[in-house]
Amino acid sequence: MDRVRNSQVVPYLIVGITGILAIGFSPLILTELYEEGRLPVSHIGYGLTLELLGVGLGTTLCRIVFGRRASPVRIAIALVALAGMNLASVFASDAVQVGVRFVAGLIGGVLVRLAINVIVNSDRPTRVSA
């Protein structure tokens with residue numbers, strides 16, 4: 001990835017924050033599904049564990065998905081896909097729920113990696129990372 005212009009930093013950081021926020025909302029989503037009787041308590045742990053594994057894999061596989069430079073169209077598709085996975089969590093059965101959370105983690109990891117790429121390739125990485 002080439003050097004990032006200052007005008008690109010904020011949008012990419014927002015995208016990365018979105019990926020991290022999805023991980024933060026996952027316990028809330030799964031707990032609500034449990035309280036409504038739509039998800040066994042054992043699946044909450046499985047779902048969260050696989051989602052975090054998905055984040056790690058998504059962060060690693062980001063270069064394969066996006067190449068050296070992510071286009072705004074691909075980023076938009078990833079954001080919509082993440083929203084779709086979170087929406088699917090509401091309607092998925094308990095068996096499918098774990099897979100949905102894993103895919104949401106993959107997408108969230110890709111979004112986090114985009115923010116990391118921008119931080120690393122910015123003119124002042126220490127300032128941007130703060």
# chains A, B, ... in the order shown; residues from 1 in each chain; ligands from 1
$ select_by_dssp --residues "chain A" --states "alpha helix (DSSP H)" --output "JSON, numbers by chain"
{"A": [6, 7, 8, 9, 10, 11, 12, 13, 14, 15, 16, 17, 18, 19, 20, 21, 22, 23, 24, 25, 26, 27, 28, 29, 30, 31, 32, 33, 34, 35, 41, 42, 43, 44, 45, 46, 47, 48, 49, 50, 51, 52, 53, 54, 55, 56, 57, 58, 59, 60, 61, 62, 63, 64, 65, 66, 72, 73, 74, 75, 76, 77, 78, 79, 80, 81, 82, 83, 84, 85, 86, 87, 88, 89, 90, 91, 94, 95, 96, 97, 98, 99, 100, 101, 102, 103, 104, 105, 106, 107, 108, 109, 110, 111, 112, 113, 114, 115, 116, 117, 118, 119, 120, 125, 126, 127, 128, 129]}
$ residues_around --residues "Arg127 of chain A" --least-positions-apart "6" --cutoff "12 Å" --atoms "only C-alpha atoms" --output "PyMOL selection string"
chain A and resi 6+9+118-121
$ write_last_selection --atoms "N, CA and C atoms" --output "tab-separated table (two decimals), in the first residue's frame"
chain	number	residue	atom	x	y	z
A	6	ASN	N	-3.72	12.32	4.15
A	6	ASN	CA	-4.43	12.70	5.38
A	6	ASN	C	-5.94	12.61	5.22
A	9	VAL	N	-7.31	9.05	6.08
A	9	VAL	CA	-7.11	8.45	7.40
A	9	VAL	C	-8.42	8.29	8.16
A	118	VAL	N	-3.86	1.53	7.17
A	118	VAL	CA	-3.82	2.99	7.07
A	118	VAL	C	-2.90	3.57	8.14
A	119	ILE	N	-2.97	3.04	9.33
A	119	ILE	CA	-2.09	3.54	10.40
A	119	ILE	C	-0.63	3.32	10.03
A	120	VAL	N	-0.31	2.14	9.59
A	120	VAL	CA	1.08	1.80	9.27
A	120	VAL	C	1.61	2.63	8.10
A	121	ASN	N	0.77	2.91	7.13
A	121	ASN	CA	1.21	3.61	5.93
A	121	ASN	C	0.95	5.10	5.95
$ closest_residue --among "A:Ile75, A:Thr126, A:Gly109, A:Val103" --to "Pro11 of chain A" --atoms "only C-alpha atoms"
A:Ile75
$ residues_around --residues "Gly16 of chain A" --least-positions-apart "2" --cutoff "6 Å" --atoms "only C-alpha atoms" --output "MDAnalysis selection string"
chainID A and resid 13:14 18:19 111:112 115
$ closest_residue --among "A:Val10, A:Ala88, A:Ala22, A:Leu50" --to "Gly108 of chain A" --atoms "only C-alpha atoms"
A:Ala22
$ atom_distance --atom1 "atom CA of Gly56 of chain A" --atom2 "atom CA of Arg113 of chain A"
9.6 Å
